[in-house]
>>> print(open('run_31.txt').read())   # compact mmCIF, C-alpha atoms and all ligand atoms
# COMPACT_ATOMS: atom_id res chain seq x y z
CA MET A 181 7.67 -21.25 10.57
CA ARG A 182 9.56 -21.74 7.35
CA ALA A 183 11.73 -24.75 6.87
CA SER A 184 13.47 -26.31 3.93
CA LEU A 185 12.52 -29.86 2.97
CA ARG A 186 13.54 -32.16 0.19
CA PHE A 187 11.15 -34.55 -1.41
CA ALA A 188 12.03 -37.89 0.09
CA GLU A 189 11.35 -39.72 -3.15
CA GLY A 190 12.40 -38.84 -6.65
CA PRO A 191 16.08 -38.15 -7.13
CA LEU A 192 17.18 -34.58 -7.56
CA ARG A 193 19.86 -35.77 -9.92
CA GLY A 194 19.23 -35.12 -13.56
CA PRO A 195 18.51 -37.67 -16.22
CA GLY A 196 22.08 -38.27 -17.17
CA ARG A 197 22.49 -36.17 -20.28
CA GLY A 198 25.40 -34.36 -18.71
CA GLY A 199 25.33 -31.80 -15.94
CA TRP A 200 25.31 -28.02 -15.96
CA PRO A 201 26.03 -25.86 -17.94
CA MET A 202 23.07 -26.53 -20.20
CA THR A 203 20.69 -24.43 -22.25
CA MET A 204 17.83 -22.68 -20.47
CA LEU A 205 15.09 -21.58 -22.84
CA VAL A 206 12.66 -18.99 -21.46
CA PHE A 207 9.17 -18.48 -22.88
CA LEU A 208 8.85 -14.72 -23.37
CA GLU A 209 5.29 -13.45 -23.49
CA THR A 210 4.43 -10.18 -25.20
CA HIS A 211 1.65 -7.71 -24.45
CA ASP A 212 1.00 -4.85 -26.84
CA GLY A 213 4.26 -5.59 -28.63
CA GLU A 214 6.41 -5.48 -25.48
CA LEU A 215 8.04 -8.33 -23.57
CA THR A 216 6.36 -8.77 -20.20
CA LYS A 217 8.16 -8.20 -16.92
CA GLY A 218 7.57 -11.78 -15.73
CA GLY A 219 9.39 -13.45 -18.63
CA LEU A 220 12.25 -10.95 -18.47
CA GLY A 221 12.58 -11.66 -14.74
CA VAL A 222 12.93 -15.40 -15.39
CA LEU A 223 15.39 -14.66 -18.19
CA SER A 224 17.49 -12.50 -15.85
CA LYS A 225 17.48 -15.27 -13.24
CA ALA A 226 18.48 -17.85 -15.88
CA ALA A 227 21.42 -15.63 -16.82
CA THR A 228 22.79 -15.99 -13.28
CA LEU A 229 22.89 -19.81 -13.50
CA GLY A 230 25.88 -19.97 -15.77
CA GLY A 231 24.55 -21.92 -18.76
CA GLU A 232 23.41 -20.86 -22.23
CA VAL A 233 20.32 -18.65 -22.05
CA ALA A 234 17.83 -18.34 -24.89
CA GLY A 235 14.42 -16.75 -25.27
CA ALA A 236 11.42 -17.92 -27.26
CA VAL A 237 9.18 -15.19 -28.63
CA LEU A 238 6.04 -16.38 -30.38
CA GLY A 239 3.51 -14.08 -31.97
CA SER A 240 2.78 -11.80 -34.85
CA GLY A 241 4.92 -8.67 -35.24
CA VAL A 242 7.04 -9.54 -32.19
CA ARG A 243 10.50 -9.75 -33.79
CA ASP A 244 11.70 -6.33 -32.60
CA ALA A 245 10.44 -6.94 -29.08
CA GLY A 246 12.19 -10.31 -29.06
CA ALA A 247 15.52 -8.78 -30.00
CA ARG A 248 15.39 -6.68 -26.83
CA ALA A 249 15.71 -9.84 -24.71
CA GLY A 250 19.45 -9.72 -25.34
CA ALA A 251 19.75 -6.91 -22.82
CA PHE A 252 18.32 -9.23 -20.15
CA GLY A 253 20.74 -12.10 -20.64
CA ALA A 254 19.60 -14.05 -23.71
CA SER A 255 22.40 -14.89 -26.12
CA THR A 256 19.91 -16.24 -28.66
CA VAL A 257 16.28 -15.38 -29.24
CA TYR A 258 14.18 -17.83 -31.25
CA VAL A 259 11.31 -16.08 -32.99
CA VAL A 260 8.24 -17.69 -34.49
CA GLU A 261 6.19 -15.14 -36.40
CA ASP A 262 2.83 -16.28 -37.70
CA ASP A 263 -0.71 -14.91 -37.92
CA ALA A 264 -1.86 -18.07 -36.13
CA LEU A 265 -0.05 -16.69 -33.08
CA ALA A 266 -1.64 -13.23 -33.20
CA ALA A 267 -4.30 -14.01 -30.58
CA PRO A 268 -3.12 -14.97 -27.08
CA LEU A 269 -4.22 -18.61 -27.45
CA PRO A 270 -2.14 -21.44 -26.02
CA GLN A 271 -2.50 -24.31 -28.49
CA PRO A 272 -0.64 -22.84 -31.51
CA ARG A 273 2.08 -21.76 -29.06
CA VAL A 274 2.56 -25.37 -27.98
CA ASP A 275 3.35 -26.25 -31.62
CA ALA A 276 5.66 -23.25 -31.97
CA LEU A 277 7.48 -23.90 -28.71
CA GLU A 278 7.89 -27.58 -29.55
CA ALA A 279 9.64 -26.47 -32.78
CA VAL A 280 11.87 -24.05 -30.83
CA VAL A 281 12.82 -26.73 -28.30
CA ALA A 282 13.80 -29.05 -31.18
CA GLU A 283 15.77 -26.29 -32.94
CA SER A 284 17.58 -25.08 -29.81
CA GLY A 285 18.15 -28.45 -28.18
CA ALA A 286 17.26 -26.80 -24.87
CA GLU A 287 17.29 -29.18 -21.90
CA ASN A 288 15.33 -26.71 -19.73
CA VAL A 289 12.27 -24.65 -20.62
CA PHE A 290 11.03 -22.11 -18.10
CA PHE A 291 7.97 -19.89 -17.94
CA ALA A 292 6.81 -16.97 -15.79
CA ALA A 293 3.34 -17.90 -14.58
CA SER A 294 0.43 -16.21 -16.31
CA VAL A 295 -2.89 -17.55 -17.55
CA LEU A 296 -1.40 -18.07 -21.03
CA ALA A 297 2.00 -19.38 -19.89
CA ALA A 298 0.43 -21.97 -17.57
CA ASP A 299 -1.62 -23.37 -20.46
CA VAL A 300 1.36 -23.41 -22.82
CA ALA A 301 3.58 -25.08 -20.20
CA ALA A 302 0.98 -27.77 -19.51
CA GLY A 303 0.43 -28.33 -23.24
CA LEU A 304 4.16 -28.62 -23.91
CA ALA A 305 4.59 -31.04 -21.00
CA ALA A 306 1.86 -33.27 -22.46
CA ARG A 307 3.26 -32.97 -25.99
CA LEU A 308 6.84 -33.86 -25.00
CA GLY A 309 6.02 -36.22 -22.14
CA ALA A 310 8.11 -33.87 -20.02
CA GLY A 311 7.98 -33.17 -16.29
CA LEU A 312 6.70 -29.75 -15.21
CA ASN A 313 7.48 -28.33 -11.78
CA TRP A 314 5.13 -25.44 -11.12
CA ASP A 315 4.87 -22.56 -8.63
CA LEU A 316 8.66 -22.31 -8.34
CA THR A 317 9.95 -19.45 -6.23
CA ASP A 318 13.63 -20.11 -6.83
CA VAL A 319 15.95 -22.19 -8.96
CA ARG A 320 19.62 -22.96 -8.52
CA VAL A 321 22.37 -25.22 -9.76
CA GLU A 322 23.72 -27.60 -7.15
CA GLY A 323 26.27 -30.31 -7.81
CA GLY A 324 25.92 -29.70 -11.53
CA GLU A 325 22.15 -30.27 -11.44
CA LEU A 326 19.18 -27.95 -11.69
CA VAL A 327 17.17 -27.72 -8.48
CA GLY A 328 13.83 -25.93 -8.20
CA VAL A 329 12.34 -24.55 -5.00
CA ARG A 330 8.63 -24.35 -4.38
CA PRO A 331 6.46 -23.60 -1.36
CA ALA A 332 4.27 -26.39 -0.04
CA LEU A 333 1.81 -27.08 2.78
CA GLY A 334 0.10 -23.72 2.47
CA ASP A 335 3.40 -21.93 1.87
CA THR A 336 4.73 -22.90 5.29
CA VAL A 337 7.70 -24.92 3.99
CA LEU A 338 10.01 -24.70 1.01
CA VAL A 339 10.65 -27.88 -0.93
CA ASP A 340 13.51 -28.71 -3.29
CA VAL A 341 12.25 -30.34 -6.46
CA GLY A 342 14.02 -32.06 -9.33
CA TRP A 343 13.26 -33.58 -12.69
CA SER A 344 13.69 -37.16 -13.84
CA SER A 345 13.74 -36.51 -17.60
CA THR A 346 14.53 -33.82 -20.13
CA PRO A 347 13.47 -31.33 -21.11
CA ARG A 348 12.83 -30.02 -17.62
CA LEU A 349 9.91 -27.62 -17.57
CA GLY A 350 9.47 -25.03 -14.84
CA LEU A 351 6.65 -22.56 -14.20
CA VAL A 352 7.82 -19.74 -11.92
CA ARG A 353 5.40 -18.01 -9.55
CA SER A 354 4.49 -14.58 -10.91
CA GLY A 355 6.53 -11.66 -9.62
CA THR A 356 9.29 -13.90 -8.24
CA PHE A 357 12.24 -12.50 -10.20
CA ASP A 358 12.85 -8.90 -11.21
CA PRO A 359 14.18 -8.16 -14.69
CA VAL A 360 17.78 -7.01 -14.60
CA GLU A 361 18.93 -5.09 -17.66
CA ALA A 362 22.59 -5.92 -17.99
CA GLY A 363 23.14 -4.81 -21.60
CA GLY A 364 24.21 -7.17 -24.35
CA SER A 365 22.53 -8.29 -27.51
CA ALA A 366 21.07 -11.53 -28.79
CA GLU A 367 21.31 -13.36 -32.07
CA VAL A 368 17.77 -13.56 -33.44
CA ARG A 369 16.89 -16.82 -35.21
CA ASP A 370 13.65 -17.43 -37.04
CA VAL A 371 12.05 -20.83 -36.57
CA ALA A 372 9.50 -22.29 -38.98
CA VAL A 373 6.55 -24.20 -37.59
CA THR A 374 3.86 -26.42 -39.04
CA PHE A 375 0.71 -26.11 -36.99
CA GLN A 376 -1.40 -29.13 -36.14
CA ASP A 377 -4.92 -28.92 -37.51
CA PHE A 378 -6.43 -29.08 -34.05
CA SER A 379 -4.14 -26.28 -32.83
CA THR A 380 -5.77 -23.64 -34.98
CA GLN A 381 -9.41 -24.59 -34.38
CA ALA A 382 -9.98 -22.23 -31.46
CA THR A 383 -10.49 -18.56 -32.25
CA LEU A 384 -10.57 -15.55 -29.98
CA VAL A 385 -14.10 -14.17 -30.13
CA ASP A 386 -13.75 -11.21 -27.82
CA HIS A 387 -11.22 -9.65 -25.51
CA LEU A 388 -12.33 -7.43 -22.64
CA GLN A 389 -9.83 -5.33 -20.79
CA GLU A 390 -10.51 -4.23 -17.24
CA GLU A 391 -10.38 -0.45 -17.10
CA SER A 392 -7.69 0.82 -14.84
CA SER A 393 -5.48 3.83 -14.50
CA GLY A 394 -1.88 3.77 -13.33
CA PRO A 395 0.42 0.74 -13.22
CA SER A 396 -0.77 -2.83 -12.62
CA ILE A 397 0.12 -4.37 -9.25
CA GLU A 398 2.59 -6.72 -10.98
CA ASP A 399 4.48 -3.78 -12.51
CA ALA A 400 4.10 -1.08 -9.84
CA ASP A 401 7.08 0.17 -7.85
CA VAL A 402 4.71 1.29 -5.11
CA ILE A 403 1.65 -0.59 -3.86
CA VAL A 404 -0.87 0.62 -1.32
CA ALA A 405 -2.82 -2.41 -0.11
CA GLY A 406 -6.02 -2.39 1.88
CA GLY A 407 -7.50 -4.93 4.26
CA ARG A 408 -10.56 -5.36 6.43
CA GLY A 409 -9.36 -2.49 8.61
CA LEU A 410 -10.59 -0.11 5.89
CA GLY A 411 -14.07 -0.80 7.25
CA GLY A 412 -15.87 -1.15 3.91
CA PRO A 413 -15.55 -0.63 0.14
CA GLU A 414 -15.60 3.13 0.58
CA GLY A 415 -12.41 2.82 2.65
CA PHE A 416 -10.52 2.02 -0.55
CA THR A 417 -10.72 5.70 -1.45
CA LEU A 418 -7.97 6.19 1.16
CA CYS A 419 -5.82 3.57 -0.63
CA GLU A 420 -6.51 5.04 -4.05
CA GLU A 421 -5.66 8.57 -2.99
CA LEU A 422 -2.43 7.52 -1.30
CA ALA A 423 -1.50 5.33 -4.28
CA SER A 424 -2.19 8.19 -6.66
CA ALA A 425 0.00 10.56 -4.63
CA LEU A 426 2.82 8.01 -4.86
CA GLY A 427 2.21 7.00 -8.50
CA GLY A 428 1.44 3.49 -7.30
CA ALA A 429 -1.20 0.79 -7.61
CA VAL A 430 -3.86 -0.48 -5.19
CA ALA A 431 -3.92 -4.07 -3.92
CA ALA A 432 -6.16 -5.92 -1.46
CA THR A 433 -6.38 -8.90 0.85
CA ARG A 434 -8.53 -11.90 0.13
CA ALA A 435 -10.83 -11.02 3.01
CA VAL A 436 -11.88 -7.81 1.28
CA VAL A 437 -12.12 -9.17 -2.25
CA ASP A 438 -14.23 -12.04 -0.92
CA ALA A 439 -16.44 -9.43 0.73
CA GLY A 440 -16.83 -7.67 -2.64
CA TRP A 441 -15.06 -4.50 -1.50
CA TYR A 442 -12.49 -4.59 -4.32
CA PRO A 443 -11.91 -6.63 -7.53
CA TYR A 444 -10.28 -10.07 -7.36
CA SER A 445 -7.62 -8.92 -9.81
CA ALA A 446 -6.12 -6.83 -6.96
CA GLN A 447 -5.75 -9.74 -4.53
CA VAL A 448 -2.25 -10.38 -3.24
CA GLY A 449 -1.28 -13.62 -1.55
CA GLN A 450 -1.27 -17.37 -1.76
CA THR A 451 -4.39 -17.55 -3.90
CA GLY A 452 -3.82 -14.14 -5.47
CA LYS A 453 -0.83 -12.45 -7.06
CA THR A 454 2.76 -12.35 -5.93
CA VAL A 455 4.18 -8.82 -6.01
CA SER A 456 7.56 -7.32 -5.33
CA PRO A 457 7.32 -3.53 -5.44
CA LYS A 458 9.99 -1.29 -3.97
CA LEU A 459 7.47 -0.01 -1.41
CA TYR A 460 4.42 -1.86 -0.02
CA ILE A 461 2.11 0.10 2.29
CA ALA A 462 -0.39 -2.09 4.13
CA LEU A 463 -3.45 -0.32 5.52
CA GLY A 464 -5.53 -2.30 8.02
CA ILE A 465 -4.02 -5.66 7.09
CA SER A 466 -3.35 -8.21 9.83
CA GLY A 467 -0.51 -9.97 7.97
CA ALA A 468 -1.83 -13.54 7.73
CA ILE A 469 0.67 -16.02 6.27
CA GLN A 470 -1.46 -16.40 3.14
CA HIS A 471 -1.15 -12.66 2.52
CA LYS A 472 2.50 -12.47 3.52
CA VAL A 473 3.65 -15.02 0.91
CA GLY A 474 2.41 -12.75 -1.85
CA MET A 475 4.21 -9.59 -0.75
CA GLN A 476 7.17 -10.55 1.41
CA GLY A 477 9.55 -9.93 -1.50
CA SER A 478 8.72 -6.20 -1.41
CA GLY A 479 11.67 -3.85 -0.90
CA THR A 480 10.27 -1.90 2.06
CA ILE A 481 7.09 -2.86 3.90
CA VAL A 482 5.21 -0.19 5.84
CA ALA A 483 2.23 -1.26 7.95
CA ILE A 484 -0.43 0.92 9.54
CA ASN A 485 -2.56 -1.03 11.99
CA LYS A 486 -4.32 -0.09 15.21
CA ASP A 487 -3.41 -3.40 16.87
CA PRO A 488 0.20 -3.33 18.16
CA ASN A 489 0.17 -7.15 18.19
CA ALA A 490 -0.85 -7.53 14.55
CA PRO A 491 1.39 -10.20 12.90
CA ILE A 492 2.28 -7.81 10.09
CA PHE A 493 4.52 -5.89 12.49
CA ASP A 494 6.72 -9.01 12.74
CA PHE A 495 7.88 -8.56 9.15
CA ALA A 496 7.19 -4.87 8.37
CA ASP A 497 10.23 -2.61 8.01
CA LEU A 498 8.26 0.30 9.44
CA GLY A 499 5.20 -0.11 11.62
CA VAL A 500 2.77 2.63 12.59
CA VAL A 501 0.30 1.79 15.36
CA GLY A 502 -2.81 3.88 14.95
CA ASP A 503 -6.08 4.49 13.16
CA LEU A 504 -5.57 4.38 9.39
CA ALA A 505 -8.57 6.66 8.89
CA GLN A 506 -6.56 9.45 10.50
CA ILE A 507 -3.05 8.56 9.35
CA ALA A 508 -3.59 7.70 5.67
CA PRO A 509 -5.26 11.01 4.66
CA LYS A 510 -2.53 12.97 6.50
CA LEU A 511 0.15 11.02 4.65
CA THR A 512 -1.56 11.68 1.31
CA GLU A 513 -1.85 15.38 2.15
CA LEU A 514 1.85 15.62 3.08
CA LEU A 515 2.92 13.83 -0.10
CA ARG A 516 0.78 16.10 -2.26
CA ALA A 517 2.18 19.15 -0.52
CA ARG A 518 5.74 17.99 -1.28
CA GLN A 519 4.86 17.55 -4.93
C1 LIG B 601 -6.36 -21.44 1.66
C2 LIG B 601 -6.36 -19.97 1.98
C3 LIG B 601 -5.86 -19.09 1.04
C4 LIG B 601 -5.83 -17.73 1.33
N1 LIG B 601 -5.31 -16.87 0.40
C5 LIG B 601 -5.20 -15.58 0.72
C6 LIG B 601 -4.60 -14.65 -0.20
O1 LIG B 601 -4.20 -15.00 -1.31
N2 LIG B 601 -4.47 -13.38 0.18
C7 LIG B 601 -4.93 -12.92 1.40
O2 LIG B 601 -4.77 -11.71 1.67
N3 LIG B 601 -5.51 -13.76 2.26
C8 LIG B 601 -5.67 -15.06 1.94
N4 LIG B 601 -6.29 -15.89 2.81
C9 LIG B 601 -6.99 -15.29 3.99
C10 LIG B 601 -6.06 -14.97 5.13
O3 LIG B 601 -5.92 -16.11 5.96
C11 LIG B 601 -6.62 -13.82 6.00
O4 LIG B 601 -7.91 -14.16 6.43
C12 LIG B 601 -6.72 -12.48 5.26
O5 LIG B 601 -5.48 -12.17 4.66
C13 LIG B 601 -7.06 -11.40 6.28
O6 LIG B 601 -7.31 -10.21 5.61
P1 LIG B 601 -7.21 -8.83 6.36
O7 LIG B 601 -5.83 -8.63 6.86
O8 LIG B 601 -7.77 -7.81 5.41
O9 LIG B 601 -8.28 -8.96 7.53
P2 LIG B 601 -8.09 -9.19 9.09
O10 LIG B 601 -7.27 -10.38 9.36
O11 LIG B 601 -9.45 -9.12 9.65
O12 LIG B 601 -7.24 -7.91 9.57
C14 LIG B 601 -7.74 -6.61 9.61
C15 LIG B 601 -6.71 -5.77 10.33
O13 LIG B 601 -7.12 -4.41 10.30
C16 LIG B 601 -6.78 -3.80 11.54
N5 LIG B 601 -7.63 -2.64 11.71
C17 LIG B 601 -8.98 -2.63 11.91
N6 LIG B 601 -9.41 -1.35 11.96
C18 LIG B 601 -8.33 -0.57 11.78
C19 LIG B 601 -8.15 0.85 11.72
N7 LIG B 601 -9.16 1.73 11.84
N8 LIG B 601 -6.88 1.33 11.54
C20 LIG B 601 -5.82 0.48 11.44
N9 LIG B 601 -5.95 -0.88 11.46
C21 LIG B 601 -7.19 -1.37 11.62
C22 LIG B 601 -7.01 -4.90 12.57
O14 LIG B 601 -6.24 -4.64 13.74
C23 LIG B 601 -6.54 -6.14 11.82
O15 LIG B 601 -5.18 -6.44 12.07
C24 LIG B 601 -6.33 -17.25 2.56
C25 LIG B 601 -6.84 -18.15 3.49
C26 LIG B 601 -6.84 -19.49 3.19
C27 LIG B 601 -7.38 -20.45 4.24
>>> encode(input="run_31.txt", output="C-alpha cells", more="lines below")
Ligand SMILES: Cc1cc2nc3c(=O)[nH]c(=O)nc-3n(C[C@H](O)[C@H](O)[C@H](O)COP(=O)(O)OP(=O)(O)OC[C@H]3O[C@@H](n4cnc5c(N)ncnc54)[C@H](O)[C@@H]3O)c2cc1C
Amino acid sequence: MRASLRFAEGPLRGPGRGGWPMTMLVFLETHDGELTKGGLGVLSKAATLGGEVAGAVLGSGVRDAGARAGAFGASTVYVVEDDALAAPLPQPRVDALEAVVAESGAENVFFAASVLAADVAAGLAARLGAGLNWDLTDVRVEGGELVGVRPALGDTVLVDVGWSSTPRLGLVRSGTFDPVEAGGSAEVRDVAVTFQDFSTQATLVDHLQEESSGPSIEDADVIVAGGRGLGGPEGFTLCEELASALGGAVAATRAVVDAGWYPYSAQVGQTGKTVSPKLYIALGISGAIQHKVGMQGSGTIVAINKDPNAPIFDFADLGVVGDLAQIAPKLTELLRARQ
C-alpha cells in the first residue's frame, strides 16, 4: 500500500529568505564529454517549477557540453574548467561547486544520484553546513515553498520533506526524471576557483570500464529483465537475445544477482537502479515491492510468468501467463523476422 505522509516534526516552510520563485542550480555531470541523462532529467524537472534554472558543469574540456544544457531549461550555465577536475573525483568538485553557489546565489542545489554526485552533494552539505534531502523521487512548489518527496519504510510510503536552511540540497533518485529537450539557449559564465590543498591530494590511479554492448539500463528505451524464473545463469541468454532483437538492455532482479547469475550492475529495484524505459519486459519475475519501485516508472510493462497470481500482473500493462522458455524465444524469432 502506498500512502503519503508528512514528517511530523521539522517545518516544511523555508528559512525565510523569500518564497518561490528562486534559483535552482543543477549539478550536471559529464561522461565522455557529454552531459549525462540523469542531470538533464533533473534540469528539465527544475524548469517546470517556475524559478530561475541554472546548471553547473565542472570538468576539463566540458564548456561545449555545458552550453547544450540551455536546450533542457537552463537559462545560465556556470562552467568551471580546470585540469584538477579532469578525473571524476569528488573533492575538487566540492570546491568548484561552492564557488558556483557563491557566484550564482542559488538557494537550491540539486543532483541526480550517481556515485560521484552523491559524494559531491555530501561534501557540499558539509562545507556549507547545508541540509541535504536524498533519494528524492519528486519535488514540487507548494505555498511558495520547495517540497521534496521521498520513499520511506522500504518504499511503502511517500514522505514530504522540507529544508530548514539555505541552500537546500537535494539528491534525486537515479532515473526519476526524463530529460525534456524544449529548445532554448543558456548564457555560459566561467567561474574561477581556488582549490583547497587537501582537495587535490587524491589522484585517480586506474579506471576500469565494464565491457558491455548496447545501451546501459539507465539509458535504454527497452529493457528485458530476468528473474529467478529463468532457472539459472544460462537462462539469461533468452533475455540477451530478446533485448538484442529490440535494441534494448538486460536487467535483473536482486534474487538472481545475489545468486551470481548476472552482474550487480544490472540490478533494478530498491537496492539497485531505478529505470524508466519506454518498454520493460519482465521474464520470470514475481514483482516484489522492492523490484517494483525500481521499474514502475516504465512506459509499458509486459510480464511473462507461469503463475497467474504473480504480483507483477497487478501492475503490468500486458501479462502473459505461460512458460518463458517457450514464449521468449518465439517472441525473439518473430521480432527478428519482422526486421
Ligand atoms: C531490503 C531488501 C531490498 C531488496 N532490494 C531488491 C532490489 O533492489 N531488487 C529486486 O529485484 N529485489 C530486491 N529485493 C528482493 C525481493 O524482495 C525479491 O525477493 C526479488 O525481487 C525476487 O526476485 P525474482 O522475482 O527474480 O524471484 P522470485 O520471487 O522467486 O520469482 C520468480 C518468478 O518466476 C516465475 N517463474 C518460474 N519459472 C517460470 C517459467 N518457466 N516461466 C515463467 N515464469 C516462471 C515464478 O512464478 C515467480 O513468480 C530486496 C529485498 C529486501 C528485503
>>> residues_near_ligand(input="run_31.txt", ligand="ligand LIG 601 (chain B)", cutoff="8 Å", atoms="all atoms listed in the file", output="PDB file with C-alpha atoms, in the frame of the given file")
ATOM      1  CA  GLY A 334       0.100 -23.720   2.470  1.00  0.00           C
ATOM      2  CA  GLY A 406      -6.020  -2.390   1.880  1.00  0.00           C
ATOM      3  CA  GLY A 407      -7.500  -4.930   4.260  1.00  0.00           C
ATOM      4  CA  ARG A 408     -10.560  -5.360   6.430  1.00  0.00           C
ATOM      5  CA  GLY A 409      -9.360  -2.490   8.610  1.00  0.00           C
ATOM      6  CA  LEU A 410     -10.590  -0.110   5.890  1.00  0.00           C
ATOM      7  CA  GLY A 411     -14.070  -0.800   7.250  1.00  0.00           C
ATOM      8  CA  ALA A 432      -6.160  -5.920  -1.460  1.00  0.00           C
ATOM      9  CA  THR A 433      -6.380  -8.900   0.850  1.00  0.00           C
ATOM     10  CA  ARG A 434      -8.530 -11.900   0.130  1.00  0.00           C
ATOM     11  CA  ALA A 435     -10.830 -11.020   3.010  1.00  0.00           C
ATOM     12  CA  VAL A 436     -11.880  -7.810   1.280  1.00  0.00           C
ATOM     13  CA  GLN A 447      -5.750  -9.740  -4.530  1.00  0.00           C
ATOM     14  CA  VAL A 448      -2.250 -10.380  -3.240  1.00  0.00           C
ATOM     15  CA  GLY A 449      -1.280 -13.620  -1.550  1.00  0.00           C
ATOM     16  CA  GLN A 450      -1.270 -17.370  -1.760  1.00  0.00           C
ATOM     17  CA  THR A 451      -4.390 -17.550  -3.900  1.00  0.00           C
ATOM     18  CA  GLY A 452      -3.820 -14.140  -5.470  1.00  0.00           C
ATOM     19  CA  LYS A 453      -0.830 -12.450  -7.060  1.00  0.00           C
ATOM     20  CA  LEU A 463      -3.450  -0.320   5.520  1.00  0.00           C
ATOM     21  CA  GLY A 464      -5.530  -2.300   8.020  1.00  0.00           C
ATOM     22  CA  ILE A 465      -4.020  -5.660   7.090  1.00  0.00           C
ATOM     23  CA  SER A 466      -3.350  -8.210   9.830  1.00  0.00           C
ATOM     24  CA  GLY A 467      -0.510  -9.970   7.970  1.00  0.00           C
ATOM     25  CA  ALA A 468      -1.830 -13.540   7.730  1.00  0.00           C
ATOM     26  CA  ILE A 469       0.670 -16.020   6.270  1.00  0.00           C
ATOM     27  CA  GLN A 470      -1.460 -16.400   3.140  1.00  0.00           C
ATOM     28  CA  HIS A 471      -1.150 -12.660   2.520  1.00  0.00           C
ATOM     29  CA  LYS A 472       2.500 -12.470   3.520  1.00  0.00           C
ATOM     30  CA  GLY A 474       2.410 -12.750  -1.850  1.00  0.00           C
ATOM     31  CA  ILE A 484      -0.430   0.920   9.540  1.00  0.00           C
ATOM     32  CA  ASN A 485      -2.560  -1.030  11.990  1.00  0.00           C
ATOM     33  CA  LYS A 486      -4.320  -0.090  15.210  1.00  0.00           C
ATOM     34  CA  ASP A 487      -3.410  -3.400  16.870  1.00  0.00           C
ATOM     35  CA  PRO A 488       0.200  -3.330  18.160  1.00  0.00           C
ATOM     36  CA  ALA A 490      -0.850  -7.530  14.550  1.00  0.00           C
ATOM     37  CA  PRO A 491       1.390 -10.200  12.900  1.00  0.00           C
ATOM     38  CA  ILE A 492       2.280  -7.810  10.090  1.00  0.00           C
ATOM     39  CA  VAL A 501       0.300   1.790  15.360  1.00  0.00           C
ATOM     40  CA  GLY A 502      -2.810   3.880  14.950  1.00  0.00           C
ATOM     41  CA  ASP A 503      -6.080   4.490  13.160  1.00  0.00           C
ATOM     42  CA  LEU A 504      -5.570   4.380   9.390  1.00  0.00           C
ATOM     43  CA  ALA A 505      -8.570   6.660   8.890  1.00  0.00           C
TER      44      ALA A 505
END
>>> residues_near_point(input="run_31.txt", point="(4.5, -14.7, -31.5)", cutoff="8 Å", atoms="only C-alpha atoms", output="PyMOL selection string")
chain A and resi 210+237-242+259-262+265-266+273
>>> atom_distance(input="run_31.txt", atom1="CA of Glu325 (chain A)", atom2="CA of Leu229 (chain A)")
10.7 Å
>>> atom_distance(input="run_31.txt", atom1="CA of Leu459 (chain A)", atom2="CA of Val402 (chain A)")
4.8 Å
>>> residues_around(input="run_31.txt", residues="Asp315 (chain A)", least_positions_apart="6", cutoff="8 Å", atoms="only C-alpha atoms", output="list in words")
Ala293, Arg330, Pro331, Leu351, Val352 and Arg353 of chain A
>>> closest_residue(input="run_31.txt", among="A:Val341, A:Leu349, A:Ile507, A:Val327", to="Gly309 (chain A)", atoms="all atoms listed in the file")
A:Leu349
>>> atom_distance(input="run_31.txt", atom1="CA of Val222 (chain A)", atom2="CA of Ala423 (chain A)")
27.6 Å
>>> closest_residue(input="run_31.txt", among="A:Val500, A:Ala446, A:Leu277, A:Val233", to="Ala301 (chain A)", atoms="all atoms listed in the file")
A:Leu277
>>> build_atoms(input="run_31.txt", residues="region 247-255 of chain A", atoms="N, CA, C and O atoms", output="PDB file, keeping the file's coordinate frame")
ATOM      1  N   ALA A 247      14.096  -9.135 -29.950  1.00  0.00           N
ATOM      2  CA  ALA A 247      15.520  -8.780 -30.000  1.00  0.00           C
ATOM      3  C   ALA A 247      15.966  -8.084 -28.715  1.00  0.00           C
ATOM      4  O   ALA A 247      17.126  -8.166 -28.318  1.00  0.00           O
ATOM      5  N   ARG A 248      15.029  -7.423 -28.052  1.00  0.00           N
ATOM      6  CA  ARG A 248      15.390  -6.680 -26.830  1.00  0.00           C
ATOM      7  C   ARG A 248      15.719  -7.616 -25.650  1.00  0.00           C
ATOM      8  O   ARG A 248      16.251  -7.181 -24.630  1.00  0.00           O
ATOM      9  N   ALA A 249      15.420  -8.899 -25.806  1.00  0.00           N
ATOM     10  CA  ALA A 249      15.710  -9.840 -24.710  1.00  0.00           C
ATOM     11  C   ALA A 249      17.202 -10.008 -24.489  1.00  0.00           C
ATOM     12  O   ALA A 249      17.634 -10.457 -23.425  1.00  0.00           O
ATOM     13  N   GLY A 250      17.994  -9.623 -25.489  1.00  0.00           N
ATOM     14  CA  GLY A 250      19.450  -9.720 -25.340  1.00  0.00           C
ATOM     15  C   GLY A 250      19.960  -8.905 -24.168  1.00  0.00           C
ATOM     16  O   GLY A 250      20.908  -9.294 -23.476  1.00  0.00           O
ATOM     17  N   ALA A 251      19.311  -7.791 -23.917  1.00  0.00           N
ATOM     18  CA  ALA A 251      19.750  -6.910 -22.820  1.00  0.00           C
ATOM     19  C   ALA A 251      19.492  -7.541 -21.460  1.00  0.00           C
ATOM     20  O   ALA A 251      20.006  -7.079 -20.438  1.00  0.00           O
ATOM     21  N   PHE A 252      18.670  -8.587 -21.421  1.00  0.00           N
ATOM     22  CA  PHE A 252      18.320  -9.230 -20.150  1.00  0.00           C
ATOM     23  C   PHE A 252      18.959 -10.612 -20.015  1.00  0.00           C
ATOM     24  O   PHE A 252      18.542 -11.418 -19.197  1.00  0.00           O
ATOM     25  N   GLY A 253      19.954 -10.879 -20.846  1.00  0.00           N
ATOM     26  CA  GLY A 253      20.740 -12.100 -20.640  1.00  0.00           C
ATOM     27  C   GLY A 253      20.629 -13.157 -21.695  1.00  0.00           C
ATOM     28  O   GLY A 253      21.359 -14.156 -21.633  1.00  0.00           O
ATOM     29  N   ALA A 254      19.717 -12.998 -22.677  1.00  0.00           N
ATOM     30  CA  ALA A 254      19.600 -14.050 -23.710  1.00  0.00           C
ATOM     31  C   ALA A 254      20.717 -13.886 -24.735  1.00  0.00           C
ATOM     32  O   ALA A 254      20.943 -12.788 -25.234  1.00  0.00           O
ATOM     33  N   SER A 255      21.398 -14.978 -25.055  1.00  0.00           N
ATOM     34  CA  SER A 255      22.400 -14.890 -26.120  1.00  0.00           C
ATOM     35  C   SER A 255      21.750 -15.196 -27.472  1.00  0.00           C
ATOM     36  O   SER A 255      22.223 -14.775 -28.514  1.00  0.00           O
TER      37      SER A 255
END
